[in-house]
Amino acid sequence: EQELISIRVVFFAKARELAAVSSITLPIPSCTTPHAALNNSVLPRFPALKPLIDHIILAVNQSYVSEPTRYLQEGDELALIPPISGG
Amino acid sequence: EQELISIRVVFFAKARELAAVSSITLPIPSCTTPHAALNNSVLPRFPALKPLIDHIILAVNQSYVSEPTRYLQEGDELALIPPISGG
Amino acid sequence: MADEDNVIVLTEEPLSVDSAMAAVSRDCAGGVSLFVGTTRDNFEGKTVVRLEYEAYHSMAIKEMRSLCDTARSKWPQITAIAIMHRLGVVPVREASVIIAVSSPHRIDAIEACHSLIDELKARVPIWKKEVYQQGSQWKANKEFKV
Amino acid sequence: MADEDNVIVLTEEPLSVDSAMAAVSRDCAGGVSLFVGTTRDNFEGKTVVRLEYEAYHSMAIKEMRSLCDTARSKWPQITAIAIMHRLGVVPVREASVIIAVSSPHRIDAIEACHSLIDELKARVPIWKKEVYQQGSQWKANKEFKV
C-alpha cells in the first residue's frame, strides 16, 4: 500500500468553469510529480478538463513548474493555469 | 539708396538676457538673408550677443531656417534661438 | 531599496494614473514612464461590453515582485516602480492595468516600463474574459510562454 | 482626425496626468503610453532649487503640431495625442512636460510616446533655466540639432 499525501489543487478561469470548482484537497501517492498528479489524479476526477489540458501550465506553491520536476510534498498547492491574459 | 524693409526680431532665454530686450523692430535692406540680417544688422546693435552667436539657430515666421535661404520680407519675424532645453 | 519603491496593487477598485504617478514620484527622479491598458470597445468586429478579470492572487503578487527585481537588475538607476492591476469588471475605457516607472533619466524609465508590460503579459497569472453583446470568451496573451 | 485628437497645451498652471489621460482616452483605444518629465533635485552635485521655463509660444505650438503630424504618419493607428508643457517656475518633483498617446494596440502608443519626447527635446523652442542654491544656468538639450 503506497503512502498517500494530501495536496490542494486550485483551478482558474476556463479551468475553473470546466471543473465547476475553485479548489479541492486531493490525496495522491507520495513520489508523484505535478504532471503525474494532473494526469493520474486530477483528470480522472474532472474529465471535462480534457479539451483544455494541452494549454495548461502547472504551478506548485505559486511558482511555475520547470524541469527537472521535484515530487509534490504534503500540503503543496498545485495550480492549473490556463493561458494568461492579464494587462 | 537701397530700399529698406522692416522686420521684427525676437530674442529668447540667454539671448534675451544678453540683449536686455525681448523684441525690436528693425529696418534692414531688402534682399537680405536671415544670416546676413543677424551679422550685419542685429550683432552691431547687440555686441553682447557675440559669445552666444555660434550656438544660435535662426527661425523666420516660426519656422527654422533651412538652406537655401530666401530673402526676408517686410513684416517677417526673425527669431534668435539659443540651444533649446524643453521637455 | 524599500518596499515602498516597488508598489504592487491588485484591486477591484478603479485605478488612477494620479495615484500611480504619486507612488513613483521622487525628488531625485527626472522622468516617469507610464503605461495604461484600457478596455477597448471592440474585438474582431464584435462589440465589447466589458472585461472581467480574475487572478491567482498570491502568485500574481509574487510574479509581479519578481518582475520588479528583474527590471531593477537590468535598469539599476530606476528609483521606483508601480504595477497596478484591476480585478472584477472593467467597463469600456477604464484602466485594467497601470505600470509606472521613475528614474533620474528618461531612457531607463521608458525601457523598463515597456519591458514590464510585456513581461506582465507573459508571466503574471491574471485572466481576462471578454464579454460581448452576444457571448463571451477567455482571452490568451500571445506573450504567454513560461 | 479632429483637433481634439491632438491636444497641445502650454501653461503656467500645474500639469496633471489625469487630464492628459482624459485628453487621449477613447473607447476604441486599448493602450495609453505617457511620459512625464519632472524637476529633479540635483544636477552634477549641485542642489536644484527649481526650474524656470520660457517658450517661443507661437513657434512652440507650431512645432508641437508638426510633431503630432509626423507621429501620425509613422504610427497611423494612433487615436489621440496630448503634449502638455509647463512654463514659468516648476518646483522639484512637479511635472514640466507630459506626453500621452493612445492607440488600439500598445506598441504604437509606446513607440510614438518615446519618439515624441525625443523630438520635442530636439525641435520645440522651449528653454529651461536650472536654478541652484548658488547661481543658475540655461540648459541645452543634447538632442537639439535642426
# chains A, B, ... in the order shown; residues from 1 in each chain; ligands from 1
$ calpha_fit_and_write --fixed "chain A" --moving "chain B" --output "PDB file with C-alpha atoms, in the first residue's frame"
ATOM      1  CA  GLU B   1       0.064   0.025   0.010  1.00  0.00           C
ATOM      2  CA  GLN B   2       1.741   3.198  -1.126  1.00  0.00           C
ATOM      3  CA  GLU B   3       1.830   6.120   1.246  1.00  0.00           C
ATOM      4  CA  LEU B   4      -0.640   8.912   0.431  1.00  0.00           C
ATOM      5  CA  ILE B   5      -0.098  12.628   0.866  1.00  0.00           C
ATOM      6  CA  SER B   6      -2.610  15.442   0.667  1.00  0.00           C
ATOM      7  CA  ILE B   7      -2.289  18.371  -1.741  1.00  0.00           C
ATOM      8  CA  ARG B   8      -4.501  21.306  -2.611  1.00  0.00           C
ATOM      9  CA  VAL B   9      -5.471  21.793  -6.263  1.00  0.00           C
ATOM     10  CA  VAL B  10      -6.631  25.222  -7.430  1.00  0.00           C
ATOM     11  CA  PHE B  11      -8.448  25.975 -10.698  1.00  0.00           C
ATOM     12  CA  PHE B  12      -8.714  29.277 -12.542  1.00  0.00           C
ATOM     13  CA  ALA B  13     -10.611  30.925 -15.394  1.00  0.00           C
ATOM     14  CA  LYS B  14     -11.623  28.366 -18.042  1.00  0.00           C
ATOM     15  CA  ALA B  15     -10.309  25.524 -15.898  1.00  0.00           C
ATOM     16  CA  ARG B  16     -12.498  26.643 -12.992  1.00  0.00           C
ATOM     17  CA  GLU B  17     -15.521  26.875 -15.299  1.00  0.00           C
ATOM     18  CA  LEU B  18     -14.965  23.388 -16.731  1.00  0.00           C
ATOM     19  CA  ALA B  19     -14.186  21.789 -13.377  1.00  0.00           C
ATOM     20  CA  ALA B  20     -17.081  23.675 -11.745  1.00  0.00           C
ATOM     21  CA  VAL B  21     -14.949  24.127  -8.625  1.00  0.00           C
ATOM     22  CA  SER B  22     -12.269  26.604  -7.439  1.00  0.00           C
ATOM     23  CA  SER B  23     -10.198  24.274  -5.298  1.00  0.00           C
ATOM     24  CA  ILE B  24     -10.111  20.772  -3.860  1.00  0.00           C
ATOM     25  CA  THR B  25      -7.996  18.829  -1.408  1.00  0.00           C
ATOM     26  CA  LEU B  26      -6.666  15.715  -3.069  1.00  0.00           C
ATOM     27  CA  PRO B  27      -4.957  12.567  -1.778  1.00  0.00           C
ATOM     28  CA  ILE B  28      -2.157  11.437  -4.070  1.00  0.00           C
ATOM     29  CA  PRO B  29       0.636   8.866  -3.776  1.00  0.00           C
ATOM     30  CA  SER B  30       3.897  10.258  -2.423  1.00  0.00           C
ATOM     31  CA  CYS B  31       6.658  10.424  -5.053  1.00  0.00           C
ATOM     32  CA  THR B  32       4.295  11.962  -7.599  1.00  0.00           C
ATOM     33  CA  THR B  33       5.367  14.715  -9.996  1.00  0.00           C
ATOM     34  CA  PRO B  34       2.988  17.604 -10.745  1.00  0.00           C
ATOM     35  CA  HIS B  35       2.277  16.302 -14.236  1.00  0.00           C
ATOM     36  CA  ALA B  36       1.640  12.796 -12.932  1.00  0.00           C
ATOM     37  CA  ALA B  37      -0.766  14.238 -10.354  1.00  0.00           C
ATOM     38  CA  LEU B  38      -2.554  16.107 -13.134  1.00  0.00           C
ATOM     39  CA  ASN B  39      -2.860  13.081 -15.422  1.00  0.00           C
ATOM     40  CA  ASN B  40      -3.441  10.364 -12.839  1.00  0.00           C
ATOM     41  CA  SER B  41      -5.432  12.118 -10.106  1.00  0.00           C
ATOM     42  CA  VAL B  42      -6.981  15.369 -11.374  1.00  0.00           C
ATOM     43  CA  LEU B  43      -8.054  14.478 -14.906  1.00  0.00           C
ATOM     44  CA  PRO B  44      -9.896  11.257 -13.933  1.00  0.00           C
ATOM     45  CA  ARG B  45     -11.965  13.312 -11.459  1.00  0.00           C
ATOM     46  CA  PHE B  46     -12.579  16.156 -13.931  1.00  0.00           C
ATOM     47  CA  PRO B  47     -12.835  14.731 -17.465  1.00  0.00           C
ATOM     48  CA  ALA B  48     -14.438  18.013 -18.594  1.00  0.00           C
ATOM     49  CA  LEU B  49     -10.917  19.499 -18.429  1.00  0.00           C
ATOM     50  CA  LYS B  50      -9.718  17.331 -21.330  1.00  0.00           C
ATOM     51  CA  PRO B  51     -10.194  19.944 -24.099  1.00  0.00           C
ATOM     52  CA  LEU B  52      -8.116  22.450 -22.121  1.00  0.00           C
ATOM     53  CA  ILE B  53      -5.362  20.187 -20.860  1.00  0.00           C
ATOM     54  CA  ASP B  54      -2.870  20.824 -23.671  1.00  0.00           C
ATOM     55  CA  HIS B  55      -2.966  24.540 -22.922  1.00  0.00           C
ATOM     56  CA  ILE B  56      -2.473  24.290 -19.185  1.00  0.00           C
ATOM     57  CA  ILE B  57       0.734  25.217 -17.395  1.00  0.00           C
ATOM     58  CA  LEU B  58       1.257  23.960 -13.862  1.00  0.00           C
ATOM     59  CA  ALA B  59       2.475  25.847 -10.813  1.00  0.00           C
ATOM     60  CA  VAL B  60       3.460  24.473  -7.435  1.00  0.00           C
ATOM     61  CA  ASN B  61       3.303  26.774  -4.401  1.00  0.00           C
ATOM     62  CA  GLN B  62       2.882  29.828  -6.638  1.00  0.00           C
ATOM     63  CA  SER B  63       5.874  29.029  -8.867  1.00  0.00           C
ATOM     64  CA  TYR B  64       5.707  27.830 -12.456  1.00  0.00           C
ATOM     65  CA  VAL B  65       6.890  24.240 -12.748  1.00  0.00           C
ATOM     66  CA  SER B  66      10.206  23.883 -14.537  1.00  0.00           C
ATOM     67  CA  GLU B  67      12.343  20.852 -15.372  1.00  0.00           C
ATOM     68  CA  PRO B  68      13.540  18.821 -13.632  1.00  0.00           C
ATOM     69  CA  THR B  69      10.389  18.472 -11.587  1.00  0.00           C
ATOM     70  CA  ARG B  70      10.569  17.608  -7.954  1.00  0.00           C
ATOM     71  CA  TYR B  71       7.969  15.366  -6.287  1.00  0.00           C
ATOM     72  CA  LEU B  72       4.985  17.019  -4.675  1.00  0.00           C
ATOM     73  CA  GLN B  73       5.060  17.330  -0.886  1.00  0.00           C
ATOM     74  CA  GLU B  74       2.352  17.132   1.779  1.00  0.00           C
ATOM     75  CA  GLY B  75       0.413  20.398   1.786  1.00  0.00           C
ATOM     76  CA  ASP B  76       1.691  21.619  -1.591  1.00  0.00           C
ATOM     77  CA  GLU B  77      -0.613  23.759  -3.712  1.00  0.00           C
ATOM     78  CA  LEU B  78      -0.890  22.609  -7.336  1.00  0.00           C
ATOM     79  CA  ALA B  79      -2.363  25.218  -9.693  1.00  0.00           C
ATOM     80  CA  LEU B  80      -3.864  24.584 -13.116  1.00  0.00           C
ATOM     81  CA  ILE B  81      -3.020  27.691 -15.106  1.00  0.00           C
ATOM     82  CA  PRO B  82      -4.811  28.242 -18.445  1.00  0.00           C
ATOM     83  CA  PRO B  83      -3.270  30.719 -20.902  1.00  0.00           C
ATOM     84  CA  ILE B  84      -2.981  34.045 -19.094  1.00  0.00           C
ATOM     85  CA  SER B  85      -4.463  37.293 -20.373  1.00  0.00           C
ATOM     86  CA  GLY B  86      -3.673  39.984 -17.835  1.00  0.00           C
ATOM     87  CA  GLY B  87      -2.520  43.458 -18.750  1.00  0.00           C
TER      88      GLY B  87
END
$ select_by_dssp --residues "chain D" --states "strand (DSSP E or B)" --output "ChimeraX atom specification"
/D:6-11,31-38,42-43,46-55,80-86,88-91,95-103,126-132,136-138
$ write_last_selection --atoms "C-alpha atoms" --output "compact mmCIF listing (two decimals), in the first residue's frame"
# COMPACT_ATOMS: atom_id res chain seq x y z
CA ASN D 6 -4.15 66.38 -30.98
CA VAL D 7 -4.23 68.22 -27.68
CA ILE D 8 -1.44 70.78 -27.26
CA VAL D 9 -1.07 72.83 -24.08
CA LEU D 10 1.44 75.47 -22.96
CA THR D 11 0.56 76.71 -19.48
CA GLY D 31 -3.39 51.31 -24.56
CA VAL D 32 -2.12 54.69 -23.42
CA SER D 33 1.56 55.48 -23.04
CA LEU D 34 2.55 58.54 -21.02
CA PHE D 35 5.84 60.22 -20.37
CA VAL D 36 6.20 62.77 -17.58
CA GLY D 37 9.34 64.91 -17.24
CA THR D 38 9.75 66.15 -13.68
CA ASN D 42 20.17 67.70 -8.35
CA PHE D 43 22.50 68.16 -11.30
CA LYS D 46 24.54 70.82 -7.28
CA THR D 47 21.21 71.08 -5.50
CA VAL D 48 18.47 72.19 -7.86
CA VAL D 49 16.01 74.53 -6.13
CA ARG D 50 13.63 74.93 -9.10
CA LEU D 51 13.43 75.12 -12.88
CA GLU D 52 12.24 78.14 -14.86
CA TYR D 53 10.87 77.62 -18.35
CA GLU D 54 10.16 80.03 -21.18
CA ALA D 55 8.86 79.43 -24.69
CA ALA D 80 -5.09 60.64 -29.84
CA ILE D 81 -2.01 62.60 -28.73
CA ALA D 82 -1.59 65.10 -25.89
CA ILE D 83 1.54 67.23 -25.48
CA MET D 84 1.50 69.48 -22.42
CA HIS D 85 4.39 71.71 -21.34
CA ARG D 86 4.58 73.90 -18.27
CA GLY D 88 7.36 79.61 -15.58
CA VAL D 89 8.54 78.11 -12.30
CA VAL D 90 8.44 74.34 -11.88
CA PRO D 91 9.35 73.21 -8.35
CA ALA D 95 5.86 67.92 -13.97
CA SER D 96 7.30 70.17 -16.66
CA VAL D 97 6.10 68.04 -19.58
CA ILE D 98 3.50 65.34 -20.13
CA ILE D 99 3.15 63.41 -23.36
CA ALA D 100 0.27 60.95 -23.77
CA VAL D 101 -0.56 58.78 -26.77
CA SER D 102 -3.45 56.34 -27.17
CA SER D 103 -3.93 53.59 -29.75
CA ILE D 126 11.32 76.00 -25.08
CA TRP D 127 14.16 76.88 -22.70
CA LYS D 128 14.95 75.73 -19.17
CA LYS D 129 16.94 77.64 -16.60
CA GLU D 130 18.18 75.45 -13.77
CA VAL D 131 18.27 77.39 -10.51
CA TYR D 132 20.66 76.13 -7.83
CA SER D 136 21.70 79.35 -12.22
CA GLN D 137 22.30 78.14 -15.76
CA TRP D 138 20.45 77.91 -19.07
$ select_by_dssp --residues "region 11-40 of chain C" --states "alpha helix (DSSP H)" --output "PyMOL selection string"
chain C and resi 17-24
$ closest_atom_pairs --of "chain C" --to "chain B" --cutoff "12 Å" --atoms "only C-alpha atoms" --output "CSV"
residue,atom,partner,partner_atom,distance
C:Gly30,CA,B:Gly87,CA,10.1
C:Gly31,CA,B:Gly87,CA,9.8
C:His105,CA,B:Gly87,CA,11.8
C:Arg106,CA,B:Gly87,CA,10.5
$ closest_residue --among "C:Ala112, C:Arg93, C:Pro125, C:Lys139" --to "Ala22 (chain D)" --atoms "only C-alpha atoms"
C:Arg93
$ atom_distance --atom1 "CA of Gln134 (chain D)" --atom2 "CA of Cys28 (chain C)"
18.7 Å
$ residues_around --residues "Asp69 (chain C)" --least-positions-apart "4" --cutoff "12 Å" --atoms "only C-alpha atoms" --output "list in words"
Met1, Ala2, Asp3, Asp5, Asn6, Lys62, Glu63, Met64, Arg65, Ser73, Lys74, Trp75, Pro76, Ile78, Ala80, Ile81, Ala112 and Leu116 of chain C
$ write_last_selection --atoms "C-alpha atoms" --output "PDB file, in the first residue's frame"
ATOM      1  CA  MET C   1      15.637  49.995  -1.861  1.00  0.00           C
ATOM      2  CA  ALA C   2      12.482  49.752   0.274  1.00  0.00           C
ATOM      3  CA  ASP C   3       9.115  48.060  -0.309  1.00  0.00           C
ATOM      4  CA  ASP C   5       9.837  51.714  -4.015  1.00  0.00           C
ATOM      5  CA  ASN C   6       8.054  48.683  -5.530  1.00  0.00           C
ATOM      6  CA  LYS C  62       4.795  37.009  -6.267  1.00  0.00           C
ATOM      7  CA  GLU C  63       5.362  37.210 -10.029  1.00  0.00           C
ATOM      8  CA  MET C  64       4.945  40.993 -10.060  1.00  0.00           C
ATOM      9  CA  ARG C  65       7.554  41.296  -7.288  1.00  0.00           C
ATOM     10  CA  SER C  73      18.750  44.381 -12.215  1.00  0.00           C
ATOM     11  CA  LYS C  74      18.525  45.404 -15.882  1.00  0.00           C
ATOM     12  CA  TRP C  75      17.986  49.123 -15.178  1.00  0.00           C
ATOM     13  CA  PRO C  76      19.766  49.805 -11.853  1.00  0.00           C
ATOM     14  CA  ILE C  78      15.258  53.016 -11.512  1.00  0.00           C
ATOM     15  CA  ALA C  80      10.535  53.411  -8.128  1.00  0.00           C
ATOM     16  CA  ILE C  81       8.116  51.036  -9.825  1.00  0.00           C
ATOM     17  CA  ALA C 112      11.737  49.425 -18.110  1.00  0.00           C
ATOM     18  CA  LEU C 116       7.307  45.423 -17.599  1.00  0.00           C
TER      19      LEU C 116
END
$ atom_distance --atom1 "CA of Leu67 (chain D)" --atom2 "CA of Ala109 (chain C)"
21.8 Å
